[in-house]
Structure formats: structure tokens, C-alpha cells
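For reference, protein_25.txt (compact mmCIF, C-alpha atoms):
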# COMPACT_ATOMS: atom_id res chain seq x y z
CA GLY A 1 168.55 85.89 95.90
CA ASN A 2 171.41 88.33 95.56
CA SER A 3 174.11 87.71 92.97
CA VAL A 4 177.09 89.44 91.39
CA THR A 5 178.45 88.78 87.90
CA GLN A 6 181.93 89.87 86.89
CA MET A 7 183.77 89.68 83.61
CA GLU A 8 185.99 86.65 83.41
CA GLY A 9 189.72 87.02 83.47
CA PRO A 10 192.52 87.04 83.26
CA VAL A 11 192.84 90.58 82.00
CA THR A 12 196.33 91.34 80.73
CA LEU A 13 197.33 94.95 80.16
CA SER A 14 200.49 96.89 79.52
CA GLU A 15 201.54 99.45 82.10
CA GLU A 16 199.73 102.79 81.68
CA ALA A 17 196.81 101.19 79.82
CA PHE A 18 193.18 101.95 80.70
CA LEU A 19 191.39 99.37 82.83
CA THR A 20 187.71 98.43 82.92
CA ILE A 21 186.38 95.44 84.84
CA ASN A 22 182.65 94.96 84.39
CA CYS A 23 180.35 94.10 87.29
CA THR A 24 176.57 93.72 87.31
CA TYR A 25 174.38 92.68 90.19
CA THR A 26 170.96 91.33 91.11
CA ALA A 27 169.53 92.32 94.46
CA THR A 28 166.33 93.29 96.19
CA GLY A 29 166.10 96.72 97.69
CA TYR A 30 169.04 99.08 97.67
CA PRO A 31 172.33 97.26 98.23
CA SER A 32 175.68 98.84 98.97
CA LEU A 33 178.36 97.98 96.41
CA PHE A 34 182.06 97.31 96.90
CA TRP A 35 185.27 96.45 95.11
CA TYR A 36 187.78 94.37 97.03
CA VAL A 37 191.33 93.52 95.91
CA GLN A 38 193.31 90.41 96.81
CA TYR A 39 197.07 90.42 96.32
CA PRO A 40 198.88 87.07 96.12
CA GLY A 41 198.97 85.29 99.46
CA GLU A 42 196.93 87.97 101.23
CA GLY A 43 193.40 88.53 102.43
CA LEU A 44 190.89 90.88 100.86
CA GLN A 45 191.29 94.64 101.08
CA LEU A 46 188.45 97.07 100.54
CA LEU A 47 189.31 99.18 97.50
CA LEU A 48 186.23 101.39 97.23
CA LYS A 49 182.53 101.50 98.00
CA ALA A 50 179.26 103.21 97.04
CA THR A 51 176.13 103.14 99.16
CA LYS A 52 173.45 104.66 96.94
CA ALA A 53 172.56 105.21 93.31
CA ASP A 54 174.86 107.57 91.36
CA ASP A 55 177.49 107.53 94.11
CA LYS A 56 181.04 107.31 92.81
CA GLY A 57 183.57 105.42 94.91
CA SER A 58 187.23 106.18 94.36
CA ASN A 59 190.60 105.21 95.82
CA LYS A 60 194.19 104.95 94.57
CA GLY A 61 193.16 106.06 91.08
CA PHE A 62 190.38 103.47 90.80
CA GLU A 63 186.77 104.58 90.35
CA ALA A 64 183.35 102.95 90.12
CA THR A 65 179.89 104.49 89.83
CA TYR A 66 176.73 102.89 91.25
CA ARG A 67 174.32 102.68 88.29
CA LYS A 68 170.92 101.53 89.49
CA GLU A 69 169.30 101.76 86.06
CA THR A 70 171.77 99.26 84.60
CA THR A 71 172.48 97.45 87.92
CA SER A 72 176.19 97.91 87.31
CA PHE A 73 179.31 98.95 89.22
CA HIS A 74 182.16 98.81 86.73
CA LEU A 75 185.71 99.37 87.99
CA GLU A 76 187.96 101.74 86.03
CA LYS A 77 191.47 103.10 86.24
CA GLY A 78 193.02 105.47 83.77
CA SER A 79 196.60 104.20 83.93
CA VAL A 80 197.45 100.85 85.53
CA GLN A 81 200.77 99.97 87.11
CA VAL A 82 202.52 96.64 87.56
CA SER A 83 201.74 96.91 91.27
CA ASP A 84 198.00 96.76 90.45
CA SER A 85 198.36 93.10 89.45
CA ALA A 86 195.92 91.25 91.71
CA VAL A 87 192.47 89.65 91.79
CA TYR A 88 189.56 92.10 91.96
CA PHE A 89 186.20 91.15 93.48
CA CYS A 90 182.93 93.00 93.10
CA ALA A 91 180.58 92.55 96.05
CA LEU A 92 177.29 93.73 97.45
CA SER A 93 175.82 94.03 100.92
CA SER A 94 172.10 93.69 101.14
CA ILE A 95 171.45 95.51 104.40
CA THR A 96 172.33 99.17 104.23
CA GLY A 97 173.95 100.73 107.25
CA THR A 98 174.93 97.61 109.11
CA ALA A 99 177.58 95.01 108.85
CA SER A 100 175.93 92.36 106.76
CA LYS A 101 176.91 89.40 104.67
CA LEU A 102 178.78 90.23 101.50
CA THR A 103 177.88 88.51 98.23
CA PHE A 104 180.92 88.32 95.95
CA GLY A 105 181.50 87.80 92.27
CA THR A 106 183.97 85.15 91.14
CA GLY A 107 186.81 87.62 90.81
CA THR A 108 188.81 88.98 87.88
CA ARG A 109 192.55 88.47 87.75
CA LEU A 110 194.49 91.47 86.42
CA GLN A 111 198.03 91.11 85.17
CA VAL A 112 199.94 94.23 84.24
CA THR A 113 203.16 93.91 82.28
CA LEU A 114 205.94 96.38 81.52
CA ASP B 1 197.34 98.42 115.75
CA ALA B 2 197.09 94.79 114.70
CA GLY B 3 194.60 93.99 112.01
CA VAL B 4 192.57 90.82 111.78
CA THR B 5 194.67 87.77 112.59
CA GLN B 6 193.91 84.14 111.86
CA SER B 7 195.48 80.88 112.91
CA PRO B 8 196.77 78.58 111.75
CA THR B 9 198.01 79.73 108.35
CA HIS B 10 197.84 76.29 106.77
CA LEU B 11 196.25 73.05 107.86
CA ILE B 12 196.07 69.55 106.40
CA LYS B 13 193.36 67.17 107.62
CA THR B 14 191.96 63.81 106.59
CA ARG B 15 188.38 63.17 105.52
CA GLY B 16 186.09 62.62 108.50
CA GLN B 17 188.23 64.62 110.91
CA GLN B 18 187.25 67.80 112.70
CA VAL B 19 189.00 71.17 112.52
CA THR B 20 188.95 74.43 114.48
CA LEU B 21 190.07 77.72 112.96
CA ARG B 22 190.63 80.87 114.99
CA CYS B 23 190.21 84.57 114.38
CA SER B 24 191.08 87.68 116.36
CA PRO B 25 189.27 90.78 115.14
CA LYS B 26 190.73 94.20 114.60
CA SER B 27 190.91 96.14 117.86
CA GLY B 28 187.53 97.63 118.77
CA HIS B 29 185.49 95.57 116.32
CA ASP B 30 182.56 93.64 117.76
CA THR B 31 181.32 91.65 114.76
CA VAL B 32 183.03 88.68 113.11
CA SER B 33 182.05 87.05 109.83
CA TRP B 34 183.45 83.88 108.25
CA TYR B 35 183.77 83.15 104.53
CA GLN B 36 184.87 80.14 102.51
CA GLN B 37 186.85 80.80 99.33
CA ALA B 38 187.29 77.82 97.03
CA LEU B 39 190.13 77.95 94.52
CA GLY B 40 189.32 80.37 91.69
CA GLN B 41 186.05 81.47 93.27
CA GLY B 42 184.77 84.41 95.24
CA PRO B 43 184.28 84.11 99.01
CA GLN B 44 181.00 82.56 100.19
CA PHE B 45 179.42 83.75 103.45
CA ILE B 46 179.27 81.10 106.17
CA PHE B 47 177.98 83.01 109.22
CA GLN B 48 178.32 86.14 111.32
CA TYR B 49 178.66 86.57 115.09
CA TYR B 50 177.79 89.52 117.28
CA GLU B 51 177.57 89.57 121.07
CA GLU B 52 178.44 85.87 121.11
CA GLU B 53 175.36 84.99 119.05
CA GLU B 54 175.07 83.80 115.45
CA ARG B 55 173.41 86.74 113.73
CA GLN B 56 173.22 85.57 110.14
CA ARG B 57 173.99 82.31 108.39
CA GLY B 58 174.70 81.43 104.78
CA ASN B 59 173.86 78.24 102.94
CA PHE B 60 176.22 75.90 104.77
CA PRO B 61 175.38 72.62 106.51
CA ASP B 62 175.28 72.18 110.27
CA ARG B 63 178.74 70.60 110.10
CA PHE B 64 179.92 74.21 110.12
CA SER B 65 179.56 75.82 113.52
CA GLY B 66 181.10 78.73 115.31
CA HIS B 67 181.58 80.57 118.50
CA GLN B 68 182.38 84.09 119.60
CA PHE B 69 184.08 84.79 122.92
CA PRO B 70 183.60 87.76 125.26
CA ASN B 71 186.77 89.36 123.86
CA TYR B 72 185.12 89.20 120.37
CA SER B 73 187.53 86.58 119.02
CA SER B 74 185.90 83.74 117.16
CA GLU B 75 186.29 80.10 116.16
CA LEU B 76 185.02 78.21 113.15
CA ASN B 77 184.53 74.47 113.60
CA VAL B 78 183.98 72.01 110.80
CA ASN B 79 183.03 68.41 111.60
CA ALA B 80 183.17 65.31 109.40
CA LEU B 81 185.44 66.95 106.87
CA LEU B 82 184.84 66.32 103.17
CA LEU B 83 187.27 66.77 100.30
CA GLY B 84 185.08 69.66 99.14
CA ASP B 85 185.80 71.56 102.34
CA SER B 86 189.30 72.27 101.04
CA ALA B 87 189.43 76.05 100.69
CA LEU B 88 190.76 79.32 102.06
CA TYR B 89 188.75 80.33 105.12
CA LEU B 90 188.57 84.07 105.65
CA CYS B 91 187.58 85.92 108.77
CA ALA B 92 186.33 89.50 108.58
CA SER B 93 185.68 91.90 111.42
CA SER B 94 183.75 95.14 111.63
CA TYR B 95 181.59 97.33 113.83
CA LEU B 96 178.00 96.12 113.69
CA ASP B 97 176.79 99.36 112.09
CA SER B 98 179.63 99.74 109.57
CA TYR B 99 179.79 98.81 105.90
CA GLU B 100 183.49 98.17 105.98
CA GLN B 101 184.68 94.68 106.82
CA TYR B 102 188.37 94.05 107.40
CA PHE B 103 189.62 90.68 106.26
CA GLY B 104 192.37 88.53 107.71
CA PRO B 105 194.93 86.67 105.59
CA GLY B 106 192.96 83.45 105.83
CA THR B 107 193.60 79.83 106.78
CA ARG B 108 194.30 77.43 103.92
CA LEU B 109 192.61 74.09 104.73
CA THR B 110 193.46 71.02 102.70
CA VAL B 111 191.41 67.86 103.20
CA THR B 112 192.98 64.64 101.89
Please go through the file and, once you have read it, give me the structure as C-alpha cells.
Amino acid sequence: GNSVTQMEGPVTLSEEAFLTINCTYTATGYPSLFWYVQYPGEGLQLLLKATKADDKGSNKGFEATYRKETTSFHLEKGSVQVSDSAVYFCALSSITGTASKLTFGTGTRLQVTL
Amino acid sequence: DAGVTQSPTHLIKTRGQQVTLRCSPKSGHDTVSWYQQALGQGPQFIFQYYEEEERQRGNFPDRFSGHQFPNYSSELNVNALLLGDSALYLCASSYLDSYEQYFGPGTRLTVT
């Protein structure tokens, strides 16, 4: 079956540091890949997505590239801010083009300090 | 434009009881999915509804059931509650042919 593996947290960084959160996946076919963010007390928000190999998703300074050869979708940001403190979830959708069930990783908590 | 709304926000139930959670999708969305998020874990897919029918189902027992109404709103019912059902229940809505699912704030269920 489909699965997503994320690096364990928490990740603690100083403001303006470089962020990488690793994500690898196992899936049949050609899944779409997503990063969601969950701020304290809130639901999930879609941060970025990529629907085919070598696509780069980007939003709010965050980027991730769909690497089929390494089955990875690592999240990066060049300079984090305190406001980026949240839990980040990597996810995949196994049916391209339609709303389908999302398979999530366990989440990585990011804490950014001044 | 209101996003996805869920009610209630918090709920405390006793083992063996039954519970109903409610979800109103984002305006225009026709598909509703439900997820269970245990503490410290990622969300797990329960099921998805489209045109008032269950379209997909995850690995959850029959104690978990749902319904979608003609206005696309949805309910999640859980019977014979167990302590392990304590979790945050998330509703997500979307268009059937869209990748992007919009999540509500969730309902925190505590079973004692």
C-alpha cells in the first residue's frame, strides 16, 4: 500500500536559518505529492503541491521538488521566520486528477526561535 | 466566503456511547472526506462522500459510518465508542476532479 515517511521532529532552528524536512514515499503508479501545514489549534492548510516527476511546488518561500528516482519530496526554505513554527505534513494522493484519499506522514514539528 | 466548518469544536463522551460530528463544505464543493488524527500522528483517511454515496473507504471498522446530504454537508457517526477513538476528526472538502482539499478546524473527541 501507499506510505509516507517523514523525518522525526521536533526541528528547532534560529530565525533566518535554512530549513529542510525530508519526505520519502512508497506508492504504485504516479501519485501527486503535497505538503500541508498545521498551525496550533487549526486545521490543515495546503502549502504546496506537485503532480508529476520533476515538478517543483512553491509557496510562501517554501519549495519541494518531486523526485521520482529517489521517491522523495523534501521541503526547503531558505530563511525561516518565527511565524513558520507549525507542524508540517507530507502527503500523497494515489489517483491523479481527482479528489482522492490522502496518505499522510506522521508530521514534523518546526520551532523557530529568535 | 466561509471555508469548511465543523461542529462541535470539542466533545466528551463515555465508552459505549454514540457520537455524530458535522461538516459543512466550502461553498461550491461537492466532495467531503473525513480523517482521524490521533495525537502526534498524521491524519488517517476514514471515508469520502460524493453525490450522497460513499465513494472510498479507509481501513476503519463499520462502527464508523457517514452520510452526505443534498446540500453536500456531511455527518460522521461513530457507534460503541472506544477509548482509542479519542482523536481530532477532520473534514475536508473539494471538487471531485480537484487535487486540492480544504480542511476544517476539526472536532476534538475525547472518550472517557
**Request:** Taking (191.8, 81.5, 90.2) in the file's own coordinates, collect the residues within 9 Å, counting all atoms listed in the file, and hand them back as a ChimeraX atom specification.
**Result:** /A:9-10,87,106-109 /B:38-41
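Nearest to Trp34 (chain B) of all the residues B:Phe69, B:Phe60, B:Tyr89, B:Tyr102 is B:Tyr89, counting all atoms listed in the file.
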**Request:** Using all atoms listed in the file, find the residues of chain A whose closest atom to chain B is at most 9 Å away, then write them as a PyMOL selection string.
**Result:** chain A and resi 32+41-46+49+51+89+93+96-107
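Here CA of Leu114 (chain A) stands at a distance of 13.9 Å from CA of Phe18 (chain A).
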**Proximity to Lys13 (chain B) - best of B:Gln36, B:Thr112, B:Asn59, B:Asn77, all atoms listed in the file** =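 Of B:Gln36, B:Thr112, B:Asn59, B:Asn77, the one nearest Lys13 (chain B) is B:Thr112, counting all atoms listed in the file.
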**Request:** Rank A:Glu8, A:Leu33, A:Thr20, A:Thr26 by their smallest atom-to-atom distance to Leu92 (chain A), using all atoms listed in the file, and report the top residue only.
**Result:** A:Leu33
**Message:** With 12 Å as the threshold, what does the neighbourhood of (185.0, 68.5, 101.0) contain in terms of residues, counting only C-alpha atoms? Coordinates are those of the file; answer as a ChimeraX atom specification.
**Reply:** /B:13-18,36,38,61,63-64,78-87,109-112
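Near region 65-76 of chain A, within a cut-off of 7 Å and counting all atoms listed in the file, sit the residues A:Leu19, A:Thr20, A:Ile21, A:Asn22, A:Cys23, A:Thr24, A:Tyr25, A:Ala50, A:Lys52, A:Ala53, A:Asp54, A:Asp55, A:Lys56, A:Gly57, with same-chain residues fewer than 4 positions away left out.
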Residue subset to file, keeping C-alpha atoms, as a short mmCIF file (atom, residue, chain, number, x, y, z; two decimals), in the coordinates of the input:
data_model
loop_
_atom_site.label_atom_id
_atom_site.label_comp_id
_atom_site.auth_asym_id
_atom_site.auth_seq_id
_atom_site.Cartn_x
_atom_site.Cartn_y
_atom_site.Cartn_z
CA LEU A 19 191.39 99.37 82.83
CA THR A 20 187.71 98.43 82.92
CA ILE A 21 186.38 95.44 84.84
CA ASN A 22 182.65 94.96 84.39
CA CYS A 23 180.35 94.10 87.29
CA THR A 24 176.57 93.72 87.31
CA TYR A 25 174.38 92.68 90.19
CA ALA A 50 179.26 103.21 97.04
CA LYS A 52 173.45 104.66 96.94
CA ALA A 53 172.56 105.21 93.31
CA ASP A 54 174.86 107.57 91.36
CA ASP A 55 177.49 107.53 94.11
CA LYS A 56 181.04 107.31 92.81
CA GLY A 57 183.57 105.42 94.91
#
